[in-house]
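Next up, entry.cif (mmCIF, C-alpha atoms and all ligand atoms):
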data_my_file
#
loop_
_atom_site.label_atom_id
_atom_site.label_comp_id
_atom_site.auth_asym_id
_atom_site.auth_seq_id
_atom_site.Cartn_x
_atom_site.Cartn_y
_atom_site.Cartn_z
CA MET T 416 -121.35 -108.78 50.97
CA THR T 417 -118.78 -111.44 51.83
CA ARG T 418 -116.30 -110.85 54.64
CA ARG T 419 -112.61 -111.54 54.20
CA ILE T 420 -111.35 -113.65 57.09
CA SER T 421 -108.09 -115.29 58.18
CA ILE T 422 -107.47 -117.88 60.87
CA LEU T 423 -104.07 -117.98 62.57
CA GLY T 424 -103.76 -121.36 64.29
CA ALA T 425 -106.41 -122.91 62.05
CA THR T 426 -105.38 -126.50 62.80
CA GLY T 427 -105.86 -126.20 66.57
CA SER T 428 -108.88 -126.61 68.79
CA ILE T 429 -110.07 -122.97 68.47
CA GLY T 430 -109.12 -122.85 64.79
CA GLN T 431 -111.16 -125.95 64.04
CA SER T 432 -114.19 -124.62 65.94
CA THR T 433 -113.90 -121.40 63.95
CA ILE T 434 -113.77 -123.36 60.70
CA ASP T 435 -116.82 -125.32 61.79
CA LEU T 436 -118.77 -122.06 62.07
CA ILE T 437 -117.43 -120.68 58.78
CA ARG T 438 -118.29 -123.86 56.90
CA ARG T 439 -121.93 -123.65 57.97
CA ASP T 440 -122.23 -120.35 56.09
CA ALA T 441 -119.39 -120.64 53.59
CA ASP T 442 -120.86 -118.23 51.02
CA ALA T 443 -120.66 -115.39 53.54
CA TYR T 444 -116.86 -115.53 53.75
CA ASP T 445 -113.79 -115.25 51.56
CA VAL T 446 -111.02 -117.07 53.36
CA VAL T 447 -107.72 -115.24 52.97
CA ALA T 448 -105.14 -117.14 55.03
CA LEU T 449 -105.12 -120.28 57.14
CA THR T 450 -102.04 -121.07 59.22
CA GLY T 451 -100.86 -124.09 61.18
CA GLY T 452 -97.80 -125.24 63.04
CA ARG T 453 -97.06 -128.77 61.78
CA ASN T 454 -100.39 -130.42 60.91
CA VAL T 455 -100.12 -130.26 57.13
CA ALA T 456 -102.92 -132.72 56.37
CA GLN T 457 -105.53 -130.75 58.31
CA LEU T 458 -104.28 -127.42 57.03
CA ALA T 459 -104.32 -128.51 53.39
CA SER T 460 -107.73 -130.12 53.54
CA ASP T 461 -109.32 -127.03 55.15
CA ALA T 462 -107.51 -124.64 52.81
CA ILE T 463 -108.82 -126.54 49.79
CA ALA T 464 -112.36 -126.89 51.16
CA LEU T 465 -112.54 -123.18 52.06
CA ARG T 466 -110.66 -122.06 48.92
CA ALA T 467 -108.16 -120.05 50.95
CA GLU T 468 -105.75 -117.72 49.15
CA VAL T 469 -102.76 -118.98 51.14
CA ALA T 470 -101.93 -121.73 53.61
CA VAL T 471 -98.89 -121.31 55.86
CA VAL T 472 -97.19 -123.94 57.96
CA SER T 473 -94.82 -122.42 60.52
CA ASP T 474 -92.50 -125.45 60.54
CA GLU T 475 -90.31 -124.93 57.46
CA SER T 476 -89.49 -128.63 57.16
CA GLN T 477 -93.15 -129.23 56.25
CA LEU T 478 -93.23 -126.94 53.19
CA ASP T 479 -92.72 -129.67 50.59
CA ALA T 480 -95.44 -131.80 52.18
CA LEU T 481 -97.79 -128.79 52.16
CA ARG T 482 -96.97 -128.02 48.50
CA ASP T 483 -97.70 -131.65 47.57
CA ALA T 484 -100.98 -131.65 49.47
CA LEU T 485 -102.09 -128.41 47.79
CA ALA T 486 -100.89 -129.27 44.27
CA GLY T 487 -103.44 -128.21 41.64
CA SER T 488 -105.76 -126.56 44.18
CA GLY T 489 -104.78 -122.94 43.49
CA VAL T 490 -104.00 -122.37 47.18
CA VAL T 491 -100.55 -120.84 47.65
CA ALA T 492 -98.31 -122.79 50.07
CA ALA T 493 -95.78 -121.02 52.31
CA SER T 494 -93.81 -121.69 55.47
CA GLY T 495 -91.77 -120.09 58.23
CA ALA T 496 -92.01 -117.06 60.49
CA SER T 497 -91.92 -114.40 57.74
CA ALA T 498 -94.62 -116.20 55.72
CA LEU T 499 -96.74 -116.28 58.88
CA GLN T 500 -96.28 -112.53 59.31
CA GLU T 501 -97.11 -111.94 55.65
CA ALA T 502 -100.28 -114.04 55.95
CA ALA T 503 -101.34 -112.12 59.08
CA SER T 504 -100.73 -108.83 57.23
CA ARG T 505 -102.98 -109.66 54.27
CA PRO T 506 -106.02 -107.39 54.18
CA ALA T 507 -108.93 -109.05 55.97
CA ASP T 508 -112.02 -107.84 57.82
CA TRP T 509 -111.79 -110.37 60.67
CA ILE T 510 -108.77 -112.33 61.84
CA MET T 511 -108.83 -115.11 64.42
CA SER T 512 -105.68 -115.16 66.59
CA ALA T 513 -105.56 -118.77 67.82
CA ILE T 514 -101.91 -119.79 67.76
CA VAL T 515 -100.98 -121.27 71.14
CA GLY T 516 -98.36 -119.53 73.28
CA ALA T 517 -96.19 -116.44 72.90
CA ALA T 518 -95.69 -117.46 69.24
CA GLY T 519 -99.10 -115.87 68.61
CA LEU T 520 -98.02 -112.37 69.66
CA ALA T 521 -96.13 -111.17 66.56
CA PRO T 522 -98.67 -112.43 63.98
CA GLY T 523 -101.54 -110.84 65.95
CA TRP T 524 -99.53 -107.62 66.19
CA ALA T 525 -99.08 -107.60 62.40
CA ALA T 526 -102.79 -108.32 61.88
CA LEU T 527 -103.78 -105.28 63.96
CA GLU T 528 -101.87 -103.01 61.59
CA GLN T 529 -104.64 -103.44 59.01
CA GLY T 530 -107.07 -101.67 61.31
CA SER T 531 -109.65 -104.43 61.19
CA THR T 532 -111.00 -106.81 63.86
CA LEU T 533 -108.78 -109.24 65.73
CA ALA T 534 -110.71 -112.00 67.50
CA LEU T 535 -108.25 -112.78 70.27
CA ALA T 536 -108.12 -116.33 71.62
CA ASN T 537 -104.36 -116.15 72.15
CA LYS T 538 -104.39 -114.98 75.76
CA GLU T 539 -100.60 -114.90 75.86
CA SER T 540 -100.64 -111.74 73.68
CA LEU T 541 -102.33 -109.74 76.45
CA VAL T 542 -100.35 -111.40 79.24
CA THR T 543 -96.99 -110.63 77.67
CA ALA T 544 -97.67 -107.30 76.01
CA GLY T 545 -101.11 -106.07 77.14
CA PRO T 546 -100.49 -102.30 77.40
CA ILE T 547 -98.68 -101.97 74.06
CA LEU T 548 -101.03 -104.39 72.28
CA MET T 549 -104.09 -102.34 73.29
CA GLN T 550 -102.28 -99.13 72.28
CA HIS T 551 -101.19 -100.70 68.97
CA ALA T 552 -104.82 -101.55 68.20
CA ALA T 553 -105.92 -98.01 69.05
CA ASP T 554 -103.12 -96.48 66.95
CA HIS T 555 -104.32 -98.44 63.90
CA GLY T 556 -108.04 -98.03 64.47
CA ALA T 557 -108.31 -101.79 64.98
CA ARG T 558 -110.67 -103.60 67.32
CA ILE T 559 -109.81 -106.51 69.61
CA LEU T 560 -112.71 -108.79 70.54
CA PRO T 561 -112.11 -111.34 73.31
CA VAL T 562 -112.61 -115.00 72.50
CA ASP T 563 -111.52 -116.60 75.75
CA SER T 564 -114.89 -117.74 77.15
CA GLU T 565 -114.53 -115.84 80.45
CA HIS T 566 -113.58 -112.60 78.73
CA SER T 567 -116.28 -112.95 76.13
CA ALA T 568 -118.69 -113.44 79.05
CA VAL T 569 -117.47 -110.26 80.78
CA PHE T 570 -117.55 -108.37 77.48
CA GLN T 571 -121.17 -109.43 76.94
CA ALA T 572 -122.15 -108.52 80.52
CA LEU T 573 -120.70 -105.04 79.92
CA VAL T 574 -122.75 -104.24 76.81
CA GLY T 575 -124.47 -100.92 77.50
CA GLU T 576 -122.73 -100.55 80.88
CA ASP T 577 -120.20 -98.02 82.13
CA ILE T 578 -116.93 -99.67 83.20
CA ALA T 579 -116.74 -97.05 85.98
CA ALA T 580 -119.76 -98.74 87.62
CA VAL T 581 -117.94 -102.09 87.81
CA GLU T 582 -116.84 -103.06 91.31
CA ARG T 583 -115.46 -106.50 90.56
CA ILE T 584 -115.06 -109.14 87.89
CA ILE T 585 -115.34 -112.78 88.94
CA ILE T 586 -113.71 -115.32 86.66
CA THR T 587 -114.87 -118.89 87.18
CA ALA T 588 -112.58 -121.93 87.10
CA SER T 589 -113.58 -125.58 86.76
CA GLY T 590 -110.71 -126.61 89.02
CA GLY T 591 -109.31 -128.84 86.26
CA ALA T 592 -108.41 -132.50 86.29
CA PHE T 593 -107.12 -132.55 89.90
CA ARG T 594 -109.73 -130.47 91.68
CA ASP T 595 -110.43 -133.19 94.28
CA ARG T 596 -107.16 -135.11 94.30
CA PRO T 597 -105.06 -135.06 97.51
CA ILE T 598 -102.47 -132.29 97.16
CA ALA T 599 -99.67 -134.56 98.41
CA THR T 600 -100.10 -136.79 95.33
CA LEU T 601 -100.06 -133.98 92.77
CA ASN T 602 -96.36 -133.98 91.97
CA ASN T 603 -96.65 -137.59 90.78
CA VAL T 604 -99.50 -137.18 88.30
CA THR T 605 -98.80 -138.18 84.70
CA VAL T 606 -99.02 -136.02 81.59
CA ALA T 607 -101.92 -138.16 80.37
CA GLN T 608 -103.84 -137.57 83.61
CA ALA T 609 -103.21 -133.81 83.41
CA SER T 610 -104.32 -133.74 79.77
CA SER T 611 -107.93 -134.64 80.43
CA HIS T 612 -110.40 -131.90 81.32
CA PRO T 613 -113.66 -132.59 83.19
CA ASN T 614 -115.78 -130.20 81.05
CA TRP T 615 -113.96 -128.62 78.10
CA ASP T 616 -112.43 -130.22 75.02
CA MET T 617 -109.31 -128.10 74.30
CA GLY T 618 -105.72 -128.33 73.10
CA GLN T 619 -103.31 -130.31 75.32
CA ARG T 620 -101.32 -127.34 76.61
CA ILE T 621 -104.31 -125.32 77.81
CA THR T 622 -105.82 -128.49 79.34
CA ILE T 623 -102.72 -129.07 81.47
CA ASP T 624 -102.69 -125.35 82.29
CA SER T 625 -106.27 -125.76 83.52
CA ALA T 626 -105.25 -128.55 85.89
CA SER T 627 -102.50 -126.35 87.37
CA MET T 628 -104.62 -123.16 87.06
CA PHE T 629 -101.83 -121.52 85.12
CA ASN T 630 -104.57 -121.03 82.55
CA LYS T 631 -106.65 -119.15 85.14
CA ALA T 632 -103.56 -117.15 86.09
CA LEU T 633 -103.20 -116.08 82.46
CA GLU T 634 -106.89 -115.18 82.37
CA LEU T 635 -106.68 -113.00 85.48
CA ILE T 636 -103.85 -111.02 83.92
CA GLU T 637 -105.74 -110.92 80.61
CA THR T 638 -108.76 -109.47 82.47
CA LYS T 639 -106.69 -106.68 83.94
CA GLU T 640 -105.14 -105.81 80.60
CA PHE T 641 -108.26 -106.03 78.45
CA PHE T 642 -110.80 -104.35 80.71
CA GLY T 643 -108.40 -101.96 82.45
CA VAL T 644 -109.54 -102.82 86.00
CA LEU T 645 -107.34 -102.99 89.10
CA PRO T 646 -105.92 -106.33 90.29
CA GLY T 647 -107.95 -106.04 93.51
CA GLN T 648 -111.16 -105.97 91.47
CA ILE T 649 -110.54 -109.39 89.91
CA GLU T 650 -111.56 -112.58 91.70
CA THR T 651 -111.56 -116.29 90.90
CA ILE T 652 -114.09 -118.83 92.06
CA VAL T 653 -114.10 -122.59 91.51
CA HIS T 654 -117.30 -123.60 89.75
CA PRO T 655 -117.08 -127.31 88.86
CA GLU T 656 -119.92 -127.30 86.31
CA SER T 657 -118.27 -124.65 84.03
CA LEU T 658 -121.68 -123.24 83.08
CA ILE T 659 -121.22 -119.73 84.46
CA HIS T 660 -118.18 -118.37 82.65
CA ALA T 661 -117.80 -115.07 84.49
CA LEU T 662 -119.74 -112.57 86.59
CA VAL T 663 -119.56 -108.80 86.69
CA GLY T 664 -120.41 -107.04 89.97
CA PHE T 665 -121.71 -103.47 89.74
CA ASN T 666 -121.75 -100.66 92.31
CA ASP T 667 -125.47 -101.18 93.01
CA GLY T 668 -124.82 -104.73 94.20
CA ALA T 669 -126.03 -106.43 91.02
CA LEU T 670 -124.07 -109.41 89.72
CA MET T 671 -124.49 -110.17 86.01
CA ALA T 672 -123.60 -113.79 85.23
CA HIS T 673 -123.00 -115.20 81.77
CA VAL T 674 -124.37 -118.75 81.63
CA GLY T 675 -123.88 -121.14 78.73
CA PRO T 676 -122.69 -124.58 77.71
CA PRO T 677 -118.93 -125.25 77.69
CA ASP T 678 -118.61 -124.89 73.92
CA MET T 679 -116.10 -122.42 72.50
CA ARG T 680 -118.23 -121.95 69.41
CA HIS T 681 -120.38 -119.60 71.48
CA ALA T 682 -117.55 -117.15 72.24
CA ILE T 683 -116.07 -117.54 68.74
CA GLY T 684 -119.49 -117.01 67.14
CA TYR T 685 -120.16 -113.96 69.31
CA ALA T 686 -116.88 -112.41 68.14
CA LEU T 687 -117.61 -113.41 64.54
CA HIS T 688 -121.05 -111.77 64.41
CA TRP T 689 -120.52 -108.93 66.90
CA PRO T 690 -122.30 -106.58 67.45
CA ASP T 691 -125.16 -108.82 66.30
CA ARG T 692 -126.25 -112.10 67.82
CA ARG T 693 -126.86 -114.94 65.38
CA ASP T 694 -128.11 -118.48 65.76
CA LEU T 695 -125.21 -120.72 66.85
CA PRO T 696 -124.98 -124.53 66.88
CA VAL T 697 -124.46 -124.83 70.64
CA ALA T 698 -126.56 -126.83 73.11
CA ARG T 699 -129.32 -125.00 74.98
CA LEU T 700 -129.11 -125.51 78.75
CA ASP T 701 -131.90 -127.28 80.59
CA LEU T 702 -131.56 -125.66 84.01
CA ALA T 703 -134.14 -127.89 85.67
CA GLN T 704 -132.15 -130.92 84.60
CA ILE T 705 -128.87 -129.35 85.77
CA GLY T 706 -130.55 -128.74 89.14
CA GLN T 707 -127.75 -126.97 90.97
CA LEU T 708 -124.61 -124.97 90.44
CA ASN T 709 -121.73 -125.20 92.91
CA PHE T 710 -119.05 -122.75 93.96
CA ARG T 711 -116.05 -122.86 96.26
CA ALA T 712 -113.08 -120.66 97.03
CA PRO T 713 -109.86 -121.69 95.24
CA ASP T 714 -107.32 -123.52 97.37
CA HIS T 715 -104.06 -121.60 96.99
CA ALA T 716 -101.91 -124.52 98.13
CA ARG T 717 -103.36 -126.63 95.30
CA TYR T 718 -103.08 -123.80 92.78
CA PRO T 719 -99.88 -121.77 93.45
CA ALA T 720 -100.25 -120.24 89.97
CA LEU T 721 -102.91 -117.90 91.35
CA ALA T 722 -100.50 -116.18 93.74
CA LEU T 723 -98.02 -115.87 90.87
CA ALA T 724 -100.70 -114.12 88.79
CA ALA T 725 -101.32 -111.67 91.64
CA ARG T 726 -97.60 -110.95 91.71
CA VAL T 727 -97.48 -110.36 87.95
CA MET T 728 -100.44 -107.98 88.10
CA GLU T 729 -98.87 -105.99 90.95
CA GLU T 730 -95.40 -105.82 89.41
CA GLY T 731 -96.51 -105.10 85.83
CA GLY T 732 -94.01 -104.12 83.15
CA LEU T 733 -92.24 -107.07 81.56
CA THR T 734 -93.11 -109.44 84.43
CA GLY T 735 -96.00 -110.85 82.37
CA ALA T 736 -93.67 -111.72 79.48
CA ALA T 737 -91.24 -113.45 81.86
CA PHE T 738 -94.08 -115.24 83.65
CA ASN T 739 -95.63 -116.59 80.46
CA ALA T 740 -92.34 -117.73 78.95
CA ALA T 741 -91.26 -119.42 82.19
CA LYS T 742 -94.67 -121.08 82.35
CA GLU T 743 -94.35 -122.32 78.74
CA ARG T 744 -90.84 -123.68 79.40
CA ALA T 745 -91.98 -125.31 82.65
CA LEU T 746 -94.91 -126.89 80.80
CA ASP T 747 -92.48 -128.27 78.19
CA GLY T 748 -90.46 -129.61 81.13
CA PHE T 749 -93.48 -131.34 82.60
CA ILE T 750 -94.60 -132.78 79.25
CA GLY T 751 -91.04 -133.93 78.55
CA GLY T 752 -90.67 -135.62 81.95
CA GLU T 753 -87.99 -133.24 83.29
CA ILE T 754 -90.08 -132.03 86.24
CA GLY T 755 -93.19 -132.99 88.17
CA PHE T 756 -96.56 -131.27 87.99
CA MET T 757 -96.18 -129.08 91.09
CA ASP T 758 -92.61 -128.22 90.10
CA MET T 759 -93.98 -126.04 87.30
CA ALA T 760 -94.99 -123.31 89.75
CA ARG T 761 -91.64 -123.58 91.56
CA VAL T 762 -89.79 -123.10 88.27
CA VAL T 763 -91.88 -120.06 87.35
CA ALA T 764 -91.43 -118.50 90.82
CA ALA T 765 -87.66 -119.11 90.72
CA THR T 766 -87.48 -117.53 87.25
CA LEU T 767 -89.39 -114.44 88.34
CA ASP T 768 -87.25 -114.12 91.48
CA LYS T 769 -84.07 -114.26 89.47
CA MET T 770 -85.23 -111.96 86.71
CA SER T 771 -86.83 -109.35 88.97
CA ALA T 772 -83.59 -109.12 90.93
CA HIS T 773 -81.22 -108.96 87.95
CA ASP T 774 -83.09 -107.96 84.83
CA GLY T 775 -85.30 -105.06 85.99
CA LEU T 776 -88.62 -106.35 84.71
CA GLN T 777 -90.85 -103.85 86.42
CA ASN T 778 -89.41 -100.60 85.20
CA ALA T 779 -88.18 -101.62 81.76
CA THR T 780 -89.62 -99.97 78.67
CA MET T 781 -92.16 -102.23 76.97
CA THR T 782 -91.82 -102.60 73.20
CA LEU T 783 -92.45 -105.63 71.02
CA ASP T 784 -88.68 -106.20 70.97
CA THR T 785 -88.21 -105.98 74.74
CA VAL T 786 -91.15 -108.35 75.24
CA LEU T 787 -89.63 -110.87 72.82
CA ASP T 788 -86.17 -110.47 74.41
CA THR T 789 -87.66 -111.02 77.87
CA ASP T 790 -89.48 -114.09 76.55
CA ARG T 791 -86.21 -115.56 75.26
CA LEU T 792 -84.29 -114.81 78.46
CA ALA T 793 -87.04 -116.20 80.70
CA ARG T 794 -86.97 -119.49 78.79
CA VAL T 795 -83.23 -119.75 79.46
CA ARG T 796 -83.67 -118.87 83.14
CA ALA T 797 -86.55 -121.34 83.46
CA GLY T 798 -84.37 -124.01 81.85
CA GLU T 799 -81.74 -123.33 84.54
CA ALA T 800 -84.40 -123.54 87.25
CA ILE T 801 -85.60 -126.86 85.78
CA LYS T 802 -82.07 -128.26 86.08
CA MET T 803 -82.02 -127.28 89.77
CA THR T 804 -85.51 -128.72 90.34
CA GLY T 805 -85.54 -131.76 88.04
CA HIS T 806 -86.12 -135.26 89.29
P1 LIG R 901 -104.05 -126.00 70.06
O1 LIG R 901 -102.80 -126.53 70.65
O2 LIG R 901 -105.20 -126.89 69.84
O3 LIG R 901 -103.72 -125.30 68.64
C1 LIG R 901 -102.68 -124.37 68.53
C2 LIG R 901 -102.53 -123.86 67.12
O4 LIG R 901 -101.31 -123.12 67.03
C3 LIG R 901 -102.42 -124.96 66.07
O5 LIG R 901 -102.92 -124.47 64.84
C4 LIG R 901 -100.92 -125.18 65.99
O6 LIG R 901 -100.51 -125.79 64.80
C5 LIG R 901 -100.44 -123.75 66.05
N1 LIG R 901 -99.08 -123.59 66.53
C6 LIG R 901 -98.49 -124.24 67.56
N2 LIG R 901 -97.24 -123.78 67.73
C7 LIG R 901 -97.04 -122.83 66.78
C8 LIG R 901 -95.94 -121.98 66.43
N3 LIG R 901 -94.78 -122.02 67.13
N4 LIG R 901 -96.09 -121.12 65.42
C9 LIG R 901 -97.24 -121.06 64.72
N5 LIG R 901 -98.32 -121.83 64.98
C10 LIG R 901 -98.22 -122.70 66.01
O7 LIG R 901 -104.45 -124.74 70.96
P2 LIG R 901 -105.90 -124.19 71.29
O8 LIG R 901 -106.70 -124.04 70.04
O9 LIG R 901 -106.44 -124.94 72.43
O10 LIG R 901 -105.55 -122.74 71.85
C11 LIG R 901 -105.16 -121.68 71.00
C12 LIG R 901 -105.09 -120.38 71.82
O11 LIG R 901 -106.41 -120.10 72.28
C13 LIG R 901 -104.24 -120.51 73.08
O12 LIG R 901 -103.63 -119.28 73.34
C14 LIG R 901 -105.24 -120.84 74.18
O13 LIG R 901 -104.81 -120.42 75.45
C15 LIG R 901 -106.43 -120.03 73.70
N6 LIG R 901 -107.72 -120.53 74.15
C16 LIG R 901 -108.12 -121.82 73.86
C17 LIG R 901 -109.33 -122.30 74.29
C18 LIG R 901 -109.80 -123.68 73.93
O14 LIG R 901 -110.94 -124.02 74.25
N7 LIG R 901 -109.02 -124.49 73.26
C19 LIG R 901 -110.22 -121.48 75.13
C20 LIG R 901 -109.75 -120.14 75.31
C21 LIG R 901 -108.53 -119.69 74.85
P3 LIG R 901 -100.38 -127.41 64.60
O15 LIG R 901 -101.45 -128.04 65.43
O16 LIG R 901 -100.58 -127.54 63.12
O17 LIG R 901 -99.00 -127.79 65.01
#
Structure encoded using structure tokens:
Amino acid sequence: MTRRISILGATGSIGQSTIDLIRRDADAYDVVALTGGRNVAQLASDAIALRAEVAVVSDESQLDALRDALAGSGVVAASGASALQEAASRPADWIMSAIVGAAGLAPGWAALEQGSTLALANKESLVTAGPILMQHAADHGARILPVDSEHSAVFQALVGEDIAAVERIIITASGGAFRDRPIATLNNVTVAQASSHPNWDMGQRITIDSASMFNKALELIETKEFFGVLPGQIETIVHPESLIHALVGFNDGALMAHVGPPDMRHAIGYALHWPDRRDLPVARLDLAQIGQLNFRAPDHARYPALALAARVMEEGGLTGAAFNAAKERALDGFIGGEIGFMDMARVVAATLDKMSAHDGLQNATMTLDTVLDTDRLARVRAGEAIKMTGH
């Protein structure tokens, strides 16, 4: 029996890895919807090759180009936010949520309403709206499977285990592009330098977030929300080789580590075939050749994002939505040359300070609307903080 699948964010790094896996076994799938942001050429060529029902480009100015590229193919072209929601709402058995940023929240939310499986790469959904997203899935009988490599690793280590026996979850971090660079020079690094990752090949935004460890900060919050553990049970360790993705520590002292090559097709493939394991086109590790694995404690002066994550986990409520939006705006500011690399954390901290004092993040009621409102307000506040910080 074929499975109906959709890929939200099909033109990105995760989307393309997902398509790579689908293409290897194309007869097993009916592709329902593919969506992209602006990359019409990639979207159209994949939609035609996979015979998708619909291809959606979120940027409305690209609709004519998409229509032209799909002419005669039978694939329906659409654009804009409501078309994206409609595509996410089409009945499917398995939907990949791989739009980058808070923009992925609403389409993933709509996808859950079908009560099927959401493979969640978009970590921002859990960071901004974790409690209501998990409840929304439960209300609709839907399943969320983690695709972030660390969370897939924890999920796999927990198969057959009781979460009550978990003492701690250790999330590994490569340390990013500037792991060994003198801290005093970090505010002067260029966007190009921050956009290169020592181990993983990913989209530009998550690569820069890896250098600053804002990506790890998102993952710590994601861990709390997805697995329902306490902030004090979640640790980070720098592991330059990126071969152990996460470890789970149990109450008998055992540590279960998930070891594998840095290739997202493993975590995507695990979510695609779950609960089965299938052959995947990822490299097999030669441990004798690797020789040794290294670990070190994270340096909090180098990675101020980690302390901000701890604050978000303690404060809860809408703090995660404000944190993520401020982080996205600060990242835009860095990419656009408004602020330096280390200023990103200052902007996020200033935004949280201002919003916690005036906008009652902690005790506010969390709904999809209040999350989206907080997101909008935090971007404005972060913009103000950028003006105060800018160089
Ligand atoms: P990319 O930047 O490579 O791709 C992002 C995708 O989202 C593209 O399809 C892009 O379209 C689309 N997009 C961008 N903005 C919008 C928007 N406003 N509305 C609708 N679609 C939009 O990101 P990644 O694939 O690297 O990451 C995707 C998600 O997965 C992120 O949340 C990331 O944190 C997470 N993740 C990524 C990993 C990785 O290895 N890359 C690992 C673990 C998690 P287009 O390109 O056409 O403009």
Counting only C-alpha atoms and all ligand atoms, the option among T:Asp616, T:Glu528, T:Asp714, T:Asp694 closest to ligand LIG 901 (chain R)
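Looking at the shortest contact to ligand LIG 901 (chain R), the residue is T:Asp616.
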Please provide as a PyMOL selection string all residues within 12 Å of Ala765 (chain T), with the sequence filter that same-chain residues fewer than 2 positions apart are discarded (counting all atoms listed in the file).
chain T and resi 723+737-738+741-742+745+758-763+767-772+793-794+796-804
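Take the candidates T:Asp701, T:Asp624, T:Asp508, T:Asp474 and check each one against Ala493 (chain T) using only C-alpha atoms; the shortest distance goes to T:Asp474.
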Selection near Val653 (chain T), 6 Å with all atoms listed in the file, sequence-local residues under 4 positions removed, as a PyMOL selection string:
chain T and resi 587-590+710-713
Find, counting all atoms listed in the file, the residue in T:Arg717, T:Ile584, T:Met781, T:Thr426 that gets nearest to Ile598 (chain T).
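Result for the nearest residue to Ile598 (chain T): T:Arg717.
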